[in-house]
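S.K.: Sharing work20.pdb below, PDB, C-alpha atoms:
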ATOM      1  CA  MET A  20     -16.952  -2.539   0.853  1.00  0.00           C
ATOM      2  CA  LYS A  21     -16.112   0.460   3.000  1.00  0.00           C
ATOM      3  CA  SER A  22     -12.359   0.249   3.435  1.00  0.00           C
ATOM      4  CA  ILE A  23      -9.252   2.437   3.352  1.00  0.00           C
ATOM      5  CA  HIS A  24      -6.032   0.671   2.362  1.00  0.00           C
ATOM      6  CA  LEU A  25      -2.899   2.578   3.357  1.00  0.00           C
ATOM      7  CA  PHE A  26       0.291   1.654   1.504  1.00  0.00           C
ATOM      8  CA  ASN A  27       2.820   2.723   4.040  1.00  0.00           C
ATOM      9  CA  SER A  28       6.367   2.344   5.326  1.00  0.00           C
ATOM     10  CA  GLU A  29       7.334   5.738   6.782  1.00  0.00           C
ATOM     11  CA  ARG A  30      10.628   5.285   4.932  1.00  0.00           C
ATOM     12  CA  GLY A  31      11.313   5.877   1.253  1.00  0.00           C
ATOM     13  CA  GLY A  32      12.335   3.104  -1.115  1.00  0.00           C
ATOM     14  CA  MET A  33      10.369   0.340   0.576  1.00  0.00           C
ATOM     15  CA  GLY A  34       8.083  -0.393  -2.384  1.00  0.00           C
ATOM     16  CA  LYS A  35       4.892   1.459  -1.440  1.00  0.00           C
ATOM     17  CA  SER A  36       4.181   2.653  -4.970  1.00  0.00           C
ATOM     18  CA  THR A  37       4.818  -0.719  -6.614  1.00  0.00           C
ATOM     19  CA  SER A  38       2.609  -2.557  -4.149  1.00  0.00           C
ATOM     20  CA  CYS A  39      -0.124   0.072  -4.435  1.00  0.00           C
ATOM     21  CA  MET A  40      -0.048  -0.119  -8.243  1.00  0.00           C
ATOM     22  CA  SER A  41      -0.182  -3.917  -8.042  1.00  0.00           C
ATOM     23  CA  ALA A  42      -3.255  -3.651  -5.826  1.00  0.00           C
ATOM     24  CA  CYS A  43      -4.838  -1.269  -8.348  1.00  0.00           C
ATOM     25  CA  THR A  44      -4.305  -3.808 -11.120  1.00  0.00           C
ATOM     26  CA  TYR A  45      -5.667  -6.572  -8.899  1.00  0.00           C
ATOM     27  CA  LEU A  46      -8.922  -4.714  -8.233  1.00  0.00           C
ATOM     28  CA  ILE A  47      -9.266  -3.768 -11.901  1.00  0.00           C
ATOM     29  CA  ASP A  48      -8.821  -7.411 -12.911  1.00  0.00           C
ATOM     30  CA  LYS A  49     -11.426  -8.414 -10.324  1.00  0.00           C
ATOM     31  CA  SER A  50     -13.840  -5.750 -11.616  1.00  0.00           C
ATOM     32  CA  ILE A  51     -13.981  -4.145  -8.179  1.00  0.00           C
ATOM     33  CA  GLU A  52     -14.589  -0.409  -8.318  1.00  0.00           C
ATOM     34  CA  PHE A  53     -12.303   1.653  -6.113  1.00  0.00           C
ATOM     35  CA  THR A  54     -10.896   5.128  -5.616  1.00  0.00           C
ATOM     36  CA  LEU A  55      -7.168   5.768  -5.747  1.00  0.00           C
ATOM     37  CA  VAL A  56      -5.859   8.593  -3.569  1.00  0.00           C
ATOM     38  CA  GLU A  57      -2.379   9.972  -4.183  1.00  0.00           C
ATOM     39  CA  CYS A  58      -0.771  11.621  -1.152  1.00  0.00           C
ATOM     40  CA  ASP A  59       2.829  11.748  -2.376  1.00  0.00           C
ATOM     41  CA  ARG A  60       3.282  15.285  -3.626  1.00  0.00           C
ATOM     42  CA  SER A  61       6.993  14.982  -4.452  1.00  0.00           C
ATOM     43  CA  ASN A  62       6.784  11.774  -6.498  1.00  0.00           C
ATOM     44  CA  PRO A  63       3.164  11.080  -7.548  1.00  0.00           C
ATOM     45  CA  ASP A  64       4.000   8.068  -9.713  1.00  0.00           C
ATOM     46  CA  VAL A  65       0.883   6.135  -8.794  1.00  0.00           C
ATOM     47  CA  ARG A  66      -1.383   8.956  -9.924  1.00  0.00           C
ATOM     48  CA  ARG A  67       0.712   9.539 -13.056  1.00  0.00           C
ATOM     49  CA  ILE A  68       0.325   5.952 -14.179  1.00  0.00           C
ATOM     50  CA  TYR A  69      -3.038   4.839 -12.786  1.00  0.00           C
ATOM     51  CA  GLY A  70      -4.900   8.130 -12.840  1.00  0.00           C
ATOM     52  CA  LYS A  71      -5.780   7.463 -16.472  1.00  0.00           C
ATOM     53  CA  VAL A  72      -7.521   4.136 -15.812  1.00  0.00           C
ATOM     54  CA  THR A  73      -9.346   4.623 -12.518  1.00  0.00           C
ATOM     55  CA  ASP A  74     -11.000   7.202 -10.305  1.00  0.00           C
ATOM     56  CA  CYS A  75      -8.059   9.092  -8.802  1.00  0.00           C
ATOM     57  CA  LYS A  76      -8.016  11.901  -6.282  1.00  0.00           C
ATOM     58  CA  VAL A  77      -5.316  13.889  -4.492  1.00  0.00           C
ATOM     59  CA  ALA A  78      -5.168  14.371  -0.727  1.00  0.00           C
ATOM     60  CA  ILE A  79      -2.705  16.262   1.432  1.00  0.00           C
ATOM     61  CA  LEU A  80      -1.686  15.057   4.874  1.00  0.00           C
ATOM     62  CA  SER A  81      -0.041  18.001   6.572  1.00  0.00           C
ATOM     63  CA  GLU A  82       0.462  19.566   9.991  1.00  0.00           C
ATOM     64  CA  SER A  83      -0.275  22.966   8.480  1.00  0.00           C
ATOM     65  CA  GLU A  84      -3.576  24.558   9.496  1.00  0.00           C
ATOM     66  CA  LYS A  85      -4.300  25.595   5.916  1.00  0.00           C
ATOM     67  CA  HIS A  86      -4.371  21.917   4.906  1.00  0.00           C
ATOM     68  CA  GLU A  87      -6.415  20.669   7.870  1.00  0.00           C
ATOM     69  CA  ASP A  88      -9.276  19.535   5.604  1.00  0.00           C
ATOM     70  CA  ALA A  89      -7.134  18.395   2.673  1.00  0.00           C
ATOM     71  CA  ALA A  90      -6.988  14.760   3.807  1.00  0.00           C
ATOM     72  CA  ASN A  91     -10.737  14.381   4.289  1.00  0.00           C
ATOM     73  CA  THR A  92     -10.963  13.275   0.669  1.00  0.00           C
ATOM     74  CA  ILE A  93      -9.647   9.891   1.809  1.00  0.00           C
ATOM     75  CA  TYR A  94     -12.436   9.300   4.305  1.00  0.00           C
ATOM     76  CA  ASN A  95     -15.235  10.761   2.219  1.00  0.00           C
ATOM     77  CA  ALA A  96     -14.333   8.583  -0.769  1.00  0.00           C
ATOM     78  CA  ALA A  97     -14.472   5.461   1.411  1.00  0.00           C
ATOM     79  CA  MET A  98     -18.178   6.051   2.033  1.00  0.00           C
ATOM     80  CA  GLN A  99     -18.759   5.036  -1.583  1.00  0.00           C
ATOM     81  CA  LYS A 100     -16.189   2.337  -2.418  1.00  0.00           C
ATOM     82  CA  PRO A 101     -12.803   0.939  -1.339  1.00  0.00           C
ATOM     83  CA  VAL A 102      -9.942   3.437  -1.277  1.00  0.00           C
ATOM     84  CA  LEU A 103      -6.273   2.767  -1.993  1.00  0.00           C
ATOM     85  CA  VAL A 104      -3.969   5.415  -0.534  1.00  0.00           C
ATOM     86  CA  ASN A 105      -0.367   5.876  -1.653  1.00  0.00           C
ATOM     87  CA  LEU A 106       1.349   7.510   1.316  1.00  0.00           C
ATOM     88  CA  PRO A 107       4.642   9.415   1.154  1.00  0.00           C
ATOM     89  CA  ALA A 108       7.551   8.807   3.496  1.00  0.00           C
ATOM     90  CA  GLN A 109       7.781  10.491   6.914  1.00  0.00           C
ATOM     91  CA  ILE A 110       4.046  11.033   7.157  1.00  0.00           C
ATOM     92  CA  LEU A 111       3.408   9.831  10.725  1.00  0.00           C
ATOM     93  CA  PRO A 112       3.096  13.247  12.458  1.00  0.00           C
ATOM     94  CA  ALA A 113       0.621  14.544   9.866  1.00  0.00           C
ATOM     95  CA  PHE A 114      -1.304  11.262   9.708  1.00  0.00           C
ATOM     96  CA  LYS A 115      -1.533  11.071  13.503  1.00  0.00           C
ATOM     97  CA  LEU A 116      -2.789  14.669  13.678  1.00  0.00           C
ATOM     98  CA  TRP A 117      -5.492  14.011  11.065  1.00  0.00           C
ATOM     99  CA  ILE A 118      -6.619  10.833  12.814  1.00  0.00           C
ATOM    100  CA  GLU A 119      -6.730  12.320  16.321  1.00  0.00           C
ATOM    101  CA  ALA A 120      -7.964  15.857  15.582  1.00  0.00           C
ATOM    102  CA  ASN A 121     -10.972  14.538  13.671  1.00  0.00           C
ATOM    103  CA  GLY A 122     -11.695  11.393  15.665  1.00  0.00           C
ATOM    104  CA  ILE A 123     -11.332   9.466  12.416  1.00  0.00           C
ATOM    105  CA  LEU A 124     -11.081   5.979  13.921  1.00  0.00           C
ATOM    106  CA  GLU A 125     -14.118   6.493  16.148  1.00  0.00           C
ATOM    107  CA  LEU A 126     -16.020   7.896  13.174  1.00  0.00           C
ATOM    108  CA  ALA A 127     -14.939   4.945  11.029  1.00  0.00           C
ATOM    109  CA  GLU A 128     -16.391   2.535  13.589  1.00  0.00           C
ATOM    110  CA  GLU A 129     -19.708   4.365  13.428  1.00  0.00           C
ATOM    111  CA  ASP A 130     -19.724   4.414   9.621  1.00  0.00           C
ATOM    112  CA  GLY A 131     -18.506   0.858   9.194  1.00  0.00           C
ATOM    113  CA  ILE A 132     -15.233   1.818   7.507  1.00  0.00           C
ATOM    114  CA  THR A 133     -12.243  -0.478   7.947  1.00  0.00           C
ATOM    115  CA  PHE A 134      -8.628   0.728   7.832  1.00  0.00           C
ATOM    116  CA  VAL A 135      -5.927  -1.596   6.509  1.00  0.00           C
ATOM    117  CA  ASN A 136      -2.278  -0.607   6.912  1.00  0.00           C
ATOM    118  CA  TRP A 137      -0.084  -2.422   4.370  1.00  0.00           C
ATOM    119  CA  TRP A 138       3.375  -1.905   5.880  1.00  0.00           C
ATOM    120  CA  LEU A 139       6.220  -2.478   3.398  1.00  0.00           C
ATOM    121  CA  THR A 140       9.522  -3.497   4.970  1.00  0.00           C
ATOM    122  CA  ASN A 141      12.988  -4.658   4.019  1.00  0.00           C
ATOM    123  CA  GLY A 142      13.415  -6.188   7.468  1.00  0.00           C
ATOM    124  CA  SER A 143      15.744  -3.471   8.721  1.00  0.00           C
ATOM    125  CA  TYR A 144      15.843  -2.460  12.383  1.00  0.00           C
ATOM    126  CA  ASP A 145      14.389   1.029  11.878  1.00  0.00           C
ATOM    127  CA  SER A 146      11.648  -0.191   9.538  1.00  0.00           C
ATOM    128  CA  LEU A 147      10.466  -2.798  12.037  1.00  0.00           C
ATOM    129  CA  ASN A 148      10.607  -0.348  14.947  1.00  0.00           C
ATOM    130  CA  LEU A 149       8.475   2.110  13.001  1.00  0.00           C
ATOM    131  CA  PHE A 150       5.975  -0.655  12.300  1.00  0.00           C
ATOM    132  CA  LYS A 151       5.771  -1.486  15.996  1.00  0.00           C
ATOM    133  CA  ARG A 152       5.182   2.187  16.727  1.00  0.00           C
ATOM    134  CA  TYR A 153       2.306   2.378  14.227  1.00  0.00           C
ATOM    135  CA  VAL A 154       0.673  -0.728  15.694  1.00  0.00           C
ATOM    136  CA  SER A 155       1.005   0.743  19.182  1.00  0.00           C
ATOM    137  CA  LEU A 156      -0.397   4.136  18.167  1.00  0.00           C
ATOM    138  CA  PHE A 157      -3.285   2.754  16.109  1.00  0.00           C
ATOM    139  CA  PRO A 158      -4.296  -0.620  17.590  1.00  0.00           C
ATOM    140  CA  SER A 159      -7.707  -0.592  15.895  1.00  0.00           C
ATOM    141  CA  ILE A 160      -6.157  -0.402  12.411  1.00  0.00           C
ATOM    142  CA  ASN A 161      -5.652  -3.768  10.755  1.00  0.00           C
ATOM    143  CA  SER A 162      -1.894  -3.803  10.073  1.00  0.00           C
ATOM    144  CA  ILE A 163      -0.365  -6.226   7.581  1.00  0.00           C
ATOM    145  CA  LEU A 164       3.409  -6.623   7.610  1.00  0.00           C
ATOM    146  CA  VAL A 165       4.617  -7.001   4.021  1.00  0.00           C
ATOM    147  CA  LYS A 166       8.085  -8.453   3.529  1.00  0.00           C
ATOM    148  CA  ASN A 167       9.273  -6.970   0.239  1.00  0.00           C
ATOM    149  CA  SER A 168      11.353  -9.662  -1.433  1.00  0.00           C
ATOM    150  CA  GLY A 169      12.246  -7.189  -4.147  1.00  0.00           C
ATOM    151  CA  LEU A 170      14.532  -5.482  -1.640  1.00  0.00           C
ATOM    152  CA  THR A 171      16.121  -8.404   0.178  1.00  0.00           C
ATOM    153  CA  GLU A 172      15.928 -12.138   0.774  1.00  0.00           C
ATOM    154  CA  ASP A 173      17.210 -11.834   4.343  1.00  0.00           C
ATOM    155  CA  PHE A 174      14.451 -11.254   6.875  1.00  0.00           C
ATOM    156  CA  SER A 175      16.321 -12.791   9.775  1.00  0.00           C
ATOM    157  CA  GLY A 176      16.071  -9.515  11.704  1.00  0.00           C
ATOM    158  CA  LEU A 177      12.292  -9.778  11.562  1.00  0.00           C
ATOM    159  CA  ASP A 178      12.280 -13.439  12.547  1.00  0.00           C
ATOM    160  CA  GLU A 179      14.653 -12.843  15.464  1.00  0.00           C
ATOM    161  CA  ASP A 180      12.900  -9.748  16.842  1.00  0.00           C
ATOM    162  CA  GLU A 181      11.265 -11.227  19.947  1.00  0.00           C
ATOM    163  CA  GLU A 182       9.258  -8.095  20.719  1.00  0.00           C
ATOM    164  CA  LEU A 183       7.852  -7.996  17.185  1.00  0.00           C
ATOM    165  CA  GLN A 184       7.089 -11.718  17.132  1.00  0.00           C
ATOM    166  CA  ALA A 185       5.232 -11.374  20.423  1.00  0.00           C
ATOM    167  CA  LEU A 186       3.280  -8.425  19.007  1.00  0.00           C
ATOM    168  CA  ILE A 187       2.385 -10.391  15.873  1.00  0.00           C
ATOM    169  CA  LYS A 188       1.127 -13.263  18.006  1.00  0.00           C
ATOM    170  CA  GLU A 189      -0.739 -11.067  20.480  1.00  0.00           C
ATOM    171  CA  ARG A 190      -2.488  -8.972  17.819  1.00  0.00           C
ATOM    172  CA  GLN A 191      -2.794 -11.876  15.359  1.00  0.00           C
ATOM    173  CA  LEU A 192      -1.175  -9.742  12.688  1.00  0.00           C
ATOM    174  CA  THR A 193      -0.839 -11.041   9.151  1.00  0.00           C
ATOM    175  CA  VAL A 194       2.652 -11.298   7.636  1.00  0.00           C
ATOM    176  CA  VAL A 195       2.964 -11.785   3.877  1.00  0.00           C
ATOM    177  CA  GLU A 196       5.731 -11.792   1.302  1.00  0.00           C
ATOM    178  CA  PHE A 197       5.527  -9.416  -1.667  1.00  0.00           C
ATOM    179  CA  PRO A 198       7.341 -10.692  -4.774  1.00  0.00           C
ATOM    180  CA  ARG A 199      10.369  -9.354  -6.549  1.00  0.00           C
ATOM    181  CA  PHE A 200       9.905  -8.141 -10.112  1.00  0.00           C
ATOM    182  CA  HIS A 201      12.508 -10.036 -12.087  1.00  0.00           C
ATOM    183  CA  GLY A 202      13.952  -7.930 -14.879  1.00  0.00           C
ATOM    184  CA  ALA A 203      15.089  -4.442 -13.872  1.00  0.00           C
ATOM    185  CA  ALA A 204      15.261  -3.278 -17.496  1.00  0.00           C
ATOM    186  CA  THR A 205      11.675  -4.387 -18.088  1.00  0.00           C
ATOM    187  CA  LYS A 206      10.488  -2.598 -14.950  1.00  0.00           C
ATOM    188  CA  ASN A 207      12.319   0.568 -15.999  1.00  0.00           C
ATOM    189  CA  ARG A 208      10.641   0.519 -19.430  1.00  0.00           C
ATOM    190  CA  ILE A 209       7.243   0.120 -17.793  1.00  0.00           C
ATOM    191  CA  ASP A 210       7.900   3.130 -15.563  1.00  0.00           C
ATOM    192  CA  ALA A 211       9.396   5.231 -18.369  1.00  0.00           C
ATOM    193  CA  GLN A 212       6.365   4.661 -20.599  1.00  0.00           C
ATOM    194  CA  SER A 213       3.908   5.224 -17.727  1.00  0.00           C
ATOM    195  CA  LEU A 214       2.299   1.846 -18.322  1.00  0.00           C
ATOM    196  CA  THR A 215       0.041   0.168 -15.817  1.00  0.00           C
ATOM    197  CA  PHE A 216       0.948  -3.419 -15.037  1.00  0.00           C
ATOM    198  CA  GLY A 217      -2.203  -4.420 -16.890  1.00  0.00           C
ATOM    199  CA  GLU A 218      -1.065  -2.555 -20.009  1.00  0.00           C
ATOM    200  CA  ALA A 219       2.469  -3.909 -19.742  1.00  0.00           C
ATOM    201  CA  ARG A 220       1.152  -7.468 -19.509  1.00  0.00           C
ATOM    202  CA  THR A 221      -0.083  -7.273 -23.120  1.00  0.00           C
ATOM    203  CA  HIS A 222       2.106  -4.474 -24.521  1.00  0.00           C
ATOM    204  CA  GLU A 223       2.900  -5.264 -28.166  1.00  0.00           C
ATOM    205  CA  GLU A 224       6.268  -3.508 -28.086  1.00  0.00           C
ATOM    206  CA  PHE A 225       7.477  -5.798 -25.301  1.00  0.00           C
ATOM    207  CA  SER A 226       9.007  -9.184 -25.943  1.00  0.00           C
ATOM    208  CA  SER A 227       7.195 -12.325 -24.848  1.00  0.00           C
ATOM    209  CA  ILE A 228       9.739 -12.613 -22.016  1.00  0.00           C
ATOM    210  CA  ASP A 229       8.918  -9.074 -20.842  1.00  0.00           C
ATOM    211  CA  ARG A 230       5.188  -9.799 -20.882  1.00  0.00           C
ATOM    212  CA  ARG A 231       5.693 -13.098 -19.073  1.00  0.00           C
ATOM    213  CA  ARG A 232       7.717 -11.317 -16.380  1.00  0.00           C
ATOM    214  CA  VAL A 233       4.812  -8.951 -15.754  1.00  0.00           C
ATOM    215  CA  LYS A 234       2.284 -11.791 -15.623  1.00  0.00           C
ATOM    216  CA  THR A 235       4.440 -13.856 -13.262  1.00  0.00           C
ATOM    217  CA  PHE A 236       4.949 -10.876 -10.955  1.00  0.00           C
ATOM    218  CA  LEU A 237       1.230 -10.106 -10.868  1.00  0.00           C
ATOM    219  CA  ASP A 238       0.283 -13.729 -10.227  1.00  0.00           C
ATOM    220  CA  LYS A 239       2.566 -13.759  -7.169  1.00  0.00           C
ATOM    221  CA  ALA A 240       1.385 -10.316  -5.992  1.00  0.00           C
ATOM    222  CA  TYR A 241      -2.247 -11.414  -6.289  1.00  0.00           C
ATOM    223  CA  ARG A 242      -1.579 -14.450  -4.099  1.00  0.00           C
ATOM    224  CA  CYS A 243      -0.046 -12.080  -1.547  1.00  0.00           C
ATOM    225  CA  PHE A 244      -3.228  -9.985  -1.506  1.00  0.00           C
ATOM    226  CA  GLU A 245      -5.604 -12.942  -1.480  1.00  0.00           C
ATOM    227  CA  VAL A 246      -4.026 -14.725   1.480  1.00  0.00           C
ATOM    228  CA  THR A 247      -4.900 -11.700   3.644  1.00  0.00           C
ATOM    229  CA  ASN A 248      -8.607 -11.586   2.645  1.00  0.00           C
ATOM    230  CA  ALA A 249      -8.233  -7.809   3.063  1.00  0.00           C
ATOM    231  CA  PHE A 250     -10.065  -7.042  -0.161  1.00  0.00           C
ATOM    232  CA  THR A 251     -12.626  -9.853  -0.104  1.00  0.00           C
ATOM    233  CA  GLU A 252     -13.763  -9.216   3.471  1.00  0.00           C
ATOM    234  CA  SER A 253     -13.856  -5.437   3.344  1.00  0.00           C
TER
END
Take the structure in the file and give it back as structure tokens.

M.R.:
Amino acid sequence: MKSIHLFNSERGGMGKSTSCMSACTYLIDKSIEFTLVECDRSNPDVRRIYGKVTDCKVAILSESEKHEDAANTIYNAAMQKPVLVNLPAQILPAFKLWIEANGILELAEEDGITFVNWWLTNGSYDSLNLFKRYVSLFPSINSILVKNSGLTEDFSGLDEDEELQALIKERQLTVVEFPRFHGAATKNRIDAQSLTFGEARTHEEFSSIDRRRVKTFLDKAYRCFEVTNAFTES
């Protein structure tokens, strides 16, 4: 299972961390070994919470020459087992430089490594345009458009974007819906106590309603992952 799963959006506040942490819990529940790579230096929540329960590394994507090898951790880890990468916002220039300067996609084809770009969106104009740009720049990367229902219920902009719909049809791109976590107070307590979703699901200090909210959210998130076959066919 040589695969690199990028949790991406290019914008902040799109739900990258939550979806990445959900995927971590999914793989743990499925007893699939993986490596987690944290690339968000300003807000490394995924590493803070999941670094205690799984193999976790840090990588730096940067345009600075002194960090030109700091992202290679991502690729090297994928030679052993699947990799989940939590990307920060506004990472395209550094990511593009790493990919092109090292011939990463050509190398991945030789080594049998698959890239999967999980693109979180709220359906806004700029988010969808950035997605189209990523697909155009990296056509060999398997891009999955993830409609984050935790941010909005209105994805009419996505549905009415003729250019995007044509691109989805032409490239046979997968579009899925990521669930909303019902219960903001519950979610805040999970974050404040640095609990994984797996821990929160059975946390004794939580009420039965809190625990049920976590289980319901994970059940829906797991269906989102499974419909893509991105983890089972890696």

S.K.: Convert the output of the PyMOL selection byres ((chain A and resi 114) around 12) on the shown file into explicit residues, formatted as a PyMOL selection string.

M.R.: chain A and resi 25+27+29+58+78-83+87+89-91+93+106-113+115-124+153+156-157

S.K.: Quote the spacing between atom CA of His24 of chain A and atom CA of Trp137 of chain A in Å to one decimal place.

M.R.: 7.0 Å

S.K.: With only C-alpha atoms as the basis for distance, which of A:Glu84, A:Val194, A:Gly31, A:Ala96 is at the shortest distance from Leu55 of chain A?

M.R.: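 Among A:Glu84, A:Val194, A:Gly31, A:Ala96, it is A:Ala96 that comes nearest to Leu55 of chain A.
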
S.K.: Could you work out how far atom CA of Asn167 of chain A lies from atom CA of Lys35 of chain A, giving the answer in Å with one decimal?

M.R.: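 Interatomic distance here is 9.6 Å.
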
S.K.: Hey, which bits of segment 91-141 of chain A sit within 12 Å of segment 195-214 of chain A, and for each residue what's the closest pair of atoms and how far apart in Å (one decimal), counting all atoms listed in the file, rows by chain and increasing number, as a Markdown table?

M.R.:
| residue | atom | partner | partner_atom | distance |
| --- | --- | --- | --- | --- |
| A:Trp137 | CA | A:Val195 | CA | 9.9 |
| A:Trp138 | CA | A:Val195 | CA | 10.1 |
| A:Leu139 | CA | A:Phe197 | CA | 8.6 |
| A:Thr140 | CA | A:Phe197 | CA | 9.7 |
| A:Asn141 | CA | A:Phe197 | CA | 10.5 |

S.K.: Please report, as CSV, each residue of segment 123-187 of chain A lying at most 12 Å from segment 237-246 of chain A, together with the nearest pair of atoms and the separation in Å rounded to one decimal; use only C-alpha atoms, and order rows by chain and ascending residue number.

M.R.:
residue,atom,partner,partner_atom,distance
A:Val135,CA,A:Phe244,CA,11.9
A:Trp137,CA,A:Phe244,CA,10.1
A:Ile163,CA,A:Phe244,CA,10.2
A:Leu164,CA,A:Cys243,CA,11.2
A:Val165,CA,A:Cys243,CA,8.9
A:Lys166,CA,A:Cys243,CA,10.2
A:Asn167,CA,A:Ala240,CA,10.6
A:Ser168,CA,A:Ala240,CA,11.0
A:Gly169,CA,A:Ala240,CA,11.5

S.K.: What does the distance from atom CA of Ser41 of chain A to atom CA of Asp59 of chain A come to in Å, to one decimal?

M.R.: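 Distance between the two atoms: 16.9 Å.
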
S.K.: For Cys75 of chain A, work out the shell of residues within 9 Å, counting all atoms listed in the file and skipping chain neighbours fewer than 5 positions away, then give it as a list in words.

M.R.: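 Using all atoms listed in the file, the neighbours found are Phe53, Thr54, Leu55, Val56, Glu57, Arg66, Tyr69 and Gly70 of chain A.
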
S.K.: Mind telling me what the PyMOL selection byres ((chain A and resi 142) around 9) catches here, as a VMD selection string?

M.R.: chain A and resid 140 to 141 143 to 147 166 to 167 171 173 to 178

S.K.: Find the residue from A:Asn105, A:Leu149, A:Asn161, A:Arg60 that sits nearest to Cys39 of chain A; use all atoms listed in the file when measuring.

M.R.: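 Among A:Asn105, A:Leu149, A:Asn161, A:Arg60, it is A:Asn105 that comes nearest to Cys39 of chain A.
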
S.K.: For each of A:Ser28, A:Glu172, A:Thr37, A:Ile51, take the minimum atom-to-atom distance to Asp64 of chain A, counting all atoms listed in the file, then give the residue where this is smallest.

M.R.: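 The answer is A:Thr37, which sits nearest to Asp64 of chain A.
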
S.K.: Find the residues around Gln99 of chain A up to 12 Å (only C-alpha atoms counted), leave out those fewer than 4 positions away in its own chain, and share them as number ranges by chain.

M.R.: A: 20-23, 52-54, 74, 92-95, 130-132

S.K.: May I ask which of the residues A:Arg230, A:Lys188, A:His86, A:Lys76 is the closest one to Gly217 of chain A, counting all atoms listed in the file?

M.R.: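 Checking each candidate against Gly217 of chain A, we get A:Arg230 as the closest.
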
S.K.: Return the single residue from A:Leu170, A:Leu46, A:Asp180, A:Thr215 that is closest to Val72 of chain A, with distances computed using all atoms listed in the file.

M.R.: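 Smallest separation from Val72 of chain A among the options: A:Thr215.
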